[in-house]
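So this block is entry_37.cif, mmCIF, C-alpha atoms and all ligand atoms:
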data_my_file
#
loop_
_atom_site.label_atom_id
_atom_site.label_comp_id
_atom_site.auth_asym_id
_atom_site.auth_seq_id
_atom_site.Cartn_x
_atom_site.Cartn_y
_atom_site.Cartn_z
CA MET A 1224 -27.71 40.73 7.09
CA ARG A 1225 -24.82 42.64 8.65
CA VAL A 1226 -22.11 40.80 10.50
CA LYS A 1227 -21.30 42.67 13.69
CA THR A 1228 -19.62 40.00 15.76
CA ALA A 1229 -18.09 36.65 14.89
CA GLU A 1230 -16.56 34.32 17.43
CA PHE A 1231 -15.12 30.85 17.29
CA LEU A 1232 -17.16 28.46 19.41
CA CYS A 1233 -15.64 25.00 19.00
CA SER A 1234 -13.96 22.54 16.71
CA THR A 1235 -15.14 18.98 17.07
CA ALA A 1236 -15.62 15.60 15.45
CA ARG A 1237 -18.10 14.41 18.07
CA ARG A 1238 -21.81 14.82 17.79
CA ALA A 1239 -22.06 15.19 21.55
CA ASP A 1240 -20.10 18.45 21.29
CA PHE A 1241 -22.32 20.12 18.67
CA PRO A 1242 -24.18 23.14 20.05
CA ARG A 1243 -27.49 22.05 21.47
CA ASP A 1244 -29.31 25.36 21.61
CA ALA A 1245 -31.92 26.10 18.97
CA LEU A 1246 -29.99 28.86 17.16
CA PRO A 1247 -30.14 28.51 13.36
CA GLN A 1248 -27.10 27.13 11.53
CA ILE A 1249 -25.67 27.77 8.07
CA ALA A 1250 -23.20 25.15 6.79
CA PHE A 1251 -20.29 25.76 4.41
CA ALA A 1252 -19.19 22.67 2.48
CA GLY A 1253 -17.17 21.63 -0.51
CA ARG A 1254 -14.17 19.77 -1.80
CA SER A 1255 -10.85 20.05 0.04
CA ASN A 1256 -8.99 23.25 -0.73
CA VAL A 1257 -11.93 24.74 -2.64
CA GLY A 1258 -11.92 27.80 -0.38
CA LYS A 1259 -14.58 27.14 2.27
CA SER A 1260 -12.67 28.71 5.15
CA SER A 1261 -11.64 31.69 2.98
CA LEU A 1262 -15.25 32.24 1.97
CA LEU A 1263 -16.38 32.17 5.58
CA ASN A 1264 -13.67 34.68 6.55
CA THR A 1265 -14.63 36.99 3.68
CA VAL A 1266 -18.29 36.84 4.54
CA VAL A 1267 -17.63 37.84 8.15
CA ARG A 1268 -14.79 40.20 7.15
CA ARG A 1269 -12.27 38.59 9.46
CA LYS A 1270 -8.96 37.55 7.99
CA ASN A 1271 -8.26 34.56 10.18
CA LEU A 1272 -11.40 33.48 11.93
CA ALA A 1273 -11.55 30.17 10.08
CA ARG A 1274 -8.10 28.76 9.44
CA THR A 1275 -7.16 28.58 5.77
CA SER A 1276 -4.29 26.67 4.23
CA ALA A 1277 -2.65 25.87 0.95
CA THR A 1278 -2.53 22.23 2.09
CA PRO A 1279 -5.75 20.46 1.15
CA GLY A 1280 -7.63 18.66 3.88
CA ARG A 1281 -6.63 21.11 6.60
CA THR A 1282 -10.05 21.41 8.20
CA ARG A 1283 -10.76 17.92 9.54
CA GLN A 1284 -13.28 18.75 12.18
CA ILE A 1285 -16.51 20.68 12.18
CA ASN A 1286 -15.94 24.28 13.26
CA PHE A 1287 -18.74 26.31 14.75
CA PHE A 1288 -18.68 30.12 14.71
CA LEU A 1289 -21.28 32.24 16.47
CA ILE A 1290 -22.32 35.24 14.37
CA ASN A 1291 -24.03 38.27 15.97
CA GLY A 1292 -24.85 36.00 18.89
CA THR A 1293 -27.81 34.70 16.89
CA VAL A 1294 -26.69 32.25 14.19
CA TYR A 1295 -23.96 29.63 13.75
CA PHE A 1296 -21.79 29.47 10.64
CA VAL A 1297 -20.48 25.94 10.36
CA ASP A 1298 -17.24 25.20 8.50
CA LEU A 1299 -17.34 21.56 7.41
CA PRO A 1300 -14.25 19.53 6.56
CA GLY A 1301 -13.55 19.19 2.84
CA TYR A 1302 -14.30 15.97 0.99
CA GLY A 1303 -12.74 14.30 -1.99
CA TYR A 1304 -9.13 14.75 -1.01
CA ALA A 1305 -7.42 11.96 -2.93
CA LYS A 1306 -4.55 11.44 -0.53
CA VAL A 1307 -6.58 10.42 2.48
CA SER A 1308 -7.24 6.76 3.17
CA LYS A 1309 -10.57 5.07 2.55
CA ALA A 1310 -11.05 4.82 6.29
CA MET A 1311 -10.70 8.58 6.62
CA ARG A 1312 -13.11 9.15 3.79
CA ARG A 1313 -15.64 6.94 5.51
CA GLN A 1314 -15.09 8.93 8.66
CA TRP A 1315 -15.76 12.16 6.77
CA GLY A 1316 -19.04 10.76 5.51
CA LYS A 1317 -20.08 9.64 8.95
CA LEU A 1318 -19.14 12.93 10.57
CA VAL A 1319 -20.85 15.15 8.01
CA GLU A 1320 -23.89 12.94 7.62
CA GLY A 1321 -24.19 12.81 11.41
CA TYR A 1322 -24.19 16.59 11.38
CA LEU A 1323 -26.67 17.04 8.52
CA ARG A 1324 -29.15 14.34 9.45
CA ASP A 1325 -32.03 15.25 11.73
CA ASN A 1326 -30.70 18.72 12.33
CA PRO A 1327 -33.67 21.08 12.41
CA ALA A 1328 -31.36 24.00 13.25
CA LEU A 1329 -29.71 23.73 9.83
CA LYS A 1330 -31.34 26.43 7.69
CA ALA A 1331 -29.10 26.35 4.63
CA PHE A 1332 -26.26 24.36 3.17
CA ILE A 1333 -23.81 26.29 1.00
CA LEU A 1334 -22.13 24.03 -1.52
CA ILE A 1335 -18.91 25.63 -2.69
CA LEU A 1336 -17.42 24.72 -6.05
CA ASP A 1337 -14.29 25.89 -7.81
CA ALA A 1338 -15.57 28.00 -10.71
CA ARG A 1339 -12.88 26.45 -12.92
CA ARG A 1340 -14.06 22.86 -12.44
CA LEU A 1341 -17.11 20.93 -13.43
CA PRO A 1342 -19.03 19.18 -10.66
CA GLU A 1343 -18.09 15.55 -10.14
CA LYS A 1344 -19.95 12.56 -8.84
CA GLU A 1345 -19.58 13.68 -5.21
CA GLU A 1346 -21.29 17.02 -5.85
CA LEU A 1347 -24.13 15.54 -7.88
CA GLU A 1348 -24.71 12.88 -5.20
CA LEU A 1349 -24.55 15.45 -2.44
CA VAL A 1350 -27.16 17.65 -4.11
CA ALA A 1351 -29.43 14.65 -4.68
CA TRP A 1352 -29.02 13.74 -1.01
CA LEU A 1353 -29.89 17.31 0.08
CA ASP A 1354 -32.98 17.24 -2.14
CA LEU A 1355 -34.02 13.89 -0.69
CA HIS A 1356 -33.68 15.19 2.87
CA ASN A 1357 -35.30 18.55 2.11
CA ILE A 1358 -32.27 20.52 3.19
CA PRO A 1359 -32.28 23.97 1.52
CA TYR A 1360 -29.05 24.77 -0.29
CA PHE A 1361 -27.43 27.09 -2.78
CA ILE A 1362 -24.23 26.89 -4.76
CA VAL A 1363 -21.29 29.28 -4.69
CA LEU A 1364 -18.74 29.23 -7.51
CA THR A 1365 -15.55 30.48 -5.96
CA LYS A 1366 -12.10 31.69 -7.11
CA THR A 1367 -13.71 33.64 -9.96
CA ASP A 1368 -10.66 35.94 -9.88
CA LYS A 1369 -8.79 33.13 -11.65
CA LEU A 1370 -11.05 33.38 -14.72
CA SER A 1371 -11.66 36.09 -17.28
CA ARG A 1372 -15.23 37.37 -17.47
CA SER A 1373 -15.94 35.48 -20.68
CA GLU A 1374 -14.48 32.27 -19.24
CA LEU A 1375 -16.63 32.74 -16.16
CA VAL A 1376 -19.81 33.13 -18.22
CA ARG A 1377 -18.93 29.98 -20.13
CA GLN A 1378 -18.13 28.07 -16.93
CA ILE A 1379 -21.39 29.09 -15.24
CA ARG A 1380 -23.24 27.76 -18.26
CA ARG A 1381 -21.34 24.47 -18.22
CA ILE A 1382 -21.60 23.98 -14.46
CA THR A 1383 -25.32 24.70 -14.25
CA ALA A 1384 -25.94 22.37 -17.19
CA ALA A 1385 -24.30 19.55 -15.22
CA PHE A 1386 -26.87 19.70 -12.38
CA PRO A 1387 -30.26 18.18 -13.06
CA GLY A 1388 -32.88 20.71 -11.99
CA ALA A 1389 -30.40 23.58 -11.99
CA GLU A 1390 -33.17 26.12 -12.80
CA ALA A 1391 -34.31 25.80 -9.19
CA ILE A 1392 -30.84 26.16 -7.65
CA PRO A 1393 -29.42 29.62 -6.91
CA PHE A 1394 -25.80 30.03 -8.10
CA ILE A 1395 -23.57 32.85 -6.84
CA ALA A 1396 -20.19 33.79 -8.35
CA PHE A 1397 -17.67 34.61 -5.62
CA SER A 1398 -14.04 35.49 -5.01
CA ALA A 1399 -12.32 35.78 -1.64
CA ARG A 1400 -9.64 37.86 -3.41
CA THR A 1401 -11.95 40.55 -4.77
CA GLY A 1402 -14.97 40.15 -2.49
CA GLU A 1403 -17.23 39.64 -5.50
CA GLY A 1404 -20.46 37.94 -4.43
CA ARG A 1405 -20.03 38.59 -0.70
CA ASP A 1406 -23.16 40.73 -0.32
CA GLU A 1407 -25.18 38.35 -2.44
CA ILE A 1408 -24.20 35.44 -0.19
CA LEU A 1409 -25.19 37.38 2.92
CA LYS A 1410 -28.54 38.25 1.34
CA MET A 1411 -29.13 34.62 0.46
CA ILE A 1412 -28.25 33.53 4.01
CA GLU A 1413 -30.61 36.16 5.38
CA SER A 1414 -33.47 34.94 3.23
CA HIS A 1415 -32.96 31.37 4.47
CA LEU A 1416 -32.92 32.57 8.07
CA LYS A 1417 -36.22 34.35 7.50
CA ASN A 1418 -37.81 31.19 6.15
CA THR A 1419 -37.69 29.51 9.53
N1 LIG B 1 -7.29 33.14 -6.00
C1 LIG B 1 -8.08 32.73 -5.02
N2 LIG B 1 -7.60 31.85 -4.09
C2 LIG B 1 -8.42 31.44 -3.11
C3 LIG B 1 -9.78 31.88 -3.03
N3 LIG B 1 -10.36 31.28 -1.97
C4 LIG B 1 -9.39 30.49 -1.41
N4 LIG B 1 -8.23 30.58 -2.08
C5 LIG B 1 -6.96 29.86 -1.77
O1 LIG B 1 -7.22 28.46 -1.82
C6 LIG B 1 -6.50 27.76 -0.79
C7 LIG B 1 -7.46 26.96 0.07
O2 LIG B 1 -8.31 27.84 0.77
P1 LIG B 1 -9.10 27.40 2.10
O3 LIG B 1 -10.05 28.48 2.39
O4 LIG B 1 -8.15 26.98 3.17
O5 LIG B 1 -9.87 26.11 1.54
P2 LIG B 1 -10.77 25.05 2.34
O6 LIG B 1 -11.83 24.64 1.41
O7 LIG B 1 -11.19 25.61 3.66
O8 LIG B 1 -9.72 23.87 2.54
P3 LIG B 1 -9.83 22.63 3.56
O9 LIG B 1 -10.29 23.15 4.87
O10 LIG B 1 -8.42 22.13 3.60
O11 LIG B 1 -10.76 21.65 2.96
C8 LIG B 1 -5.72 28.83 -0.03
O12 LIG B 1 -4.41 28.87 -0.55
C9 LIG B 1 -6.49 30.12 -0.34
O13 LIG B 1 -5.70 31.26 -0.28
C10 LIG B 1 -10.25 32.81 -4.03
O14 LIG B 1 -11.42 33.24 -4.06
N5 LIG B 1 -9.36 33.19 -5.00
MG MG B 2 -11.00 24.86 5.58
#
Is it possible to give me this structure as structure tokens?
Ligand SMILES: Nc1nc2c(ncn2[C@@H]2O[C@H](COP(=O)(O)OP(=O)(O)OP(=O)(O)O)[C@@H](O)[C@H]2O)c(=O)[nH]1
Ligand SMILES: [Mg+2]
Amino acid sequence: MRVKTAEFLCSTARRADFPRDALPQIAFAGRSNVGKSSLLNTVVRRKNLARTSATPGRTRQINFFLINGTVYFVDLPGYGYAKVSKAMRRQWGKLVEGYLRDNPALKAFILILDARRLPEKEELELVAWLDLHNIPYFIVLTKTDKLSRSELVRQIRRITAAFPGAEAIPFIAFSARTGEGRDEILKMIESHLKNT
């Protein structure tokens, strides 16, 4: 897949505002500050399409971007940010679950993890939930530029070992700094779009 055009469509926390056409959607999700917006920008080769920030929890709404006029990339708000209240966390769950549930346009869910960290309860539960609801997904390990090659190899081994059924899950190593993994992600997205 080649990205020719990328435009911001809307930022919303209301289901009523989600696009209602039948265009396929690819969702980008992960912990606060993991690098979701940076990944999206790198994939579309636009520096500031999705807003990035050093302050965790910056993206609080669901952002829809129209790519090539034919597919939506969807930047989801980050979860697991310790400083937000329980009420806000509940709201995150409701918003994201409301988006994921009964959404036939969703063709793939990209779960983004920091390559330096092991998955926690949230990630394992999320993957189990995606399996249960038959939502196709793959995992991107980001910020690989912060690890040496040997550390990365070791981390990939440890991270995959933490997911039950990891043999069936595609993992891609990625860095927004170096662009490593960008083409692989686009290929993976393309293959999910073909499976529709
Ligand atoms: N070194 C390095 N830093 C990165 C990479 N990706 C993102 N960052 C940095 O990590 C911070 C968070 O990046 P964002 O893309 O805003 O993260 P996010 O997941 O969208 O954050 P929220 O929307 O707040 O949940 C920023 O300071 C980025 O510059 C990467 O691949 N390598
Ligand atoms: Mg963001």
- Excluding region 1331-1336 of chain A and any residue of its chain fewer than 3 positions from it, enumerate the residues within 8 Å of it, using all atoms listed in the file, and give them as a list of chain:residue names.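 So, after excluding close chain neighbours, the residues are A:Gln1248, A:Ile1249, A:Ala1250, A:Phe1251, A:Ala1252, A:Gly1253, A:Arg1254, A:Val1257, A:Gly1258, A:Lys1259, A:Arg1340, A:Pro1342, A:Ile1358, A:Pro1359, A:Tyr1360, A:Phe1361, A:Ile1362, A:Val1363, A:Leu1364, A:Thr1365, A:Ile1412, A:His1415.
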- Using only C-alpha atoms and all ligand atoms: which of A:Leu1323, A:Leu1409, A:Leu1370, A:Ala1273 has the shortest distance to ligand MG 2 (chain B):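 Answer, going by the shortest atom-to-atom distance: A:Ala1273.
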Each side padded by 8 Å, which centre and which edge lengths in Å (one decimal) define the axis-aligned box around the listed atoms of ligand LIG 1 (chain B)? Give them as JSON.
{"center_x": -8.1, "center_y": 27.4, "center_z": -0.6, "size_x": 23.4, "size_y": 27.6, "size_z": 26.9}
Hey, which bits of chain A sit within 12 Å of ligand MG 2 (chain B), and for each residue what's the closest pair of atoms and how far apart in Å (one decimal), counting all atoms listed in the file, rows by chain and increasing number, as a Markdown table?
| residue | atom | partner | partner_atom | distance |
| --- | --- | --- | --- | --- |
| A:Ser1234 | CA | B:MG2 | MG | 11.7 |
| A:Phe1251 | CA | B:MG2 | MG | 9.4 |
| A:Ala1252 | CA | B:MG2 | MG | 9.0 |
| A:Gly1253 | CA | B:MG2 | MG | 9.3 |
| A:Arg1254 | CA | B:MG2 | MG | 9.5 |
| A:Ser1255 | CA | B:MG2 | MG | 7.3 |
| A:Asn1256 | CA | B:MG2 | MG | 6.8 |
| A:Val1257 | CA | B:MG2 | MG | 8.3 |
| A:Gly1258 | CA | B:MG2 | MG | 6.7 |
| A:Lys1259 | CA | B:MG2 | MG | 5.4 |
| A:Ser1260 | CA | B:MG2 | MG | 4.2 |
| A:Ser1261 | CA | B:MG2 | MG | 7.3 |
| A:Leu1262 | CA | B:MG2 | MG | 9.2 |
| A:Leu1263 | CA | B:MG2 | MG | 9.1 |
| A:Asn1264 | CA | B:MG2 | MG | 10.2 |
| A:Asn1271 | CA | B:MG2 | MG | 11.1 |
| A:Leu1272 | CA | B:MG2 | MG | 10.7 |
| A:Ala1273 | CA | B:MG2 | MG | 7.0 |
| A:Arg1274 | CA | B:MG2 | MG | 6.2 |
| A:Thr1275 | CA | B:MG2 | MG | 5.3 |
| A:Ser1276 | CA | B:MG2 | MG | 7.1 |
| A:Ala1277 | CA | B:MG2 | MG | 9.6 |
| A:Thr1278 | CA | B:MG2 | MG | 9.5 |
| A:Pro1279 | CA | B:MG2 | MG | 8.2 |
| A:Gly1280 | CA | B:MG2 | MG | 7.3 |
| A:Arg1281 | CA | B:MG2 | MG | 5.8 |
| A:Thr1282 | CA | B:MG2 | MG | 4.4 |
| A:Arg1283 | CA | B:MG2 | MG | 8.0 |
| A:Gln1284 | CA | B:MG2 | MG | 9.3 |
| A:Ile1285 | CA | B:MG2 | MG | 9.6 |
| A:Asn1286 | CA | B:MG2 | MG | 9.1 |
| A:Val1297 | CA | B:MG2 | MG | 10.7 |
| A:Asp1298 | CA | B:MG2 | MG | 6.9 |
| A:Leu1299 | CA | B:MG2 | MG | 7.4 |
| A:Pro1300 | CA | B:MG2 | MG | 6.3 |
| A:Gly1301 | CA | B:MG2 | MG | 6.8 |
| A:Tyr1302 | CA | B:MG2 | MG | 10.5 |
| A:Ile1335 | CA | B:MG2 | MG | 11.5 |
- Message: Using only C-alpha atoms, which protein or nucleic acid residues come within 9 Å of Tyr1322 (chain A)? Drop anything in the same chain fewer than 4 positions from it, and give the result as an NGL selection string.
- Response: :A and (1238 or 1241 or 1285 or 1317-1318 or 1326)
- Message: Just to confirm, what's the straight-line distance from CA of Leu1246 (chain A) to atom P2 of ligand LIG 1 (chain B) in Å (one decimal)?
- Response: 24.6 Å
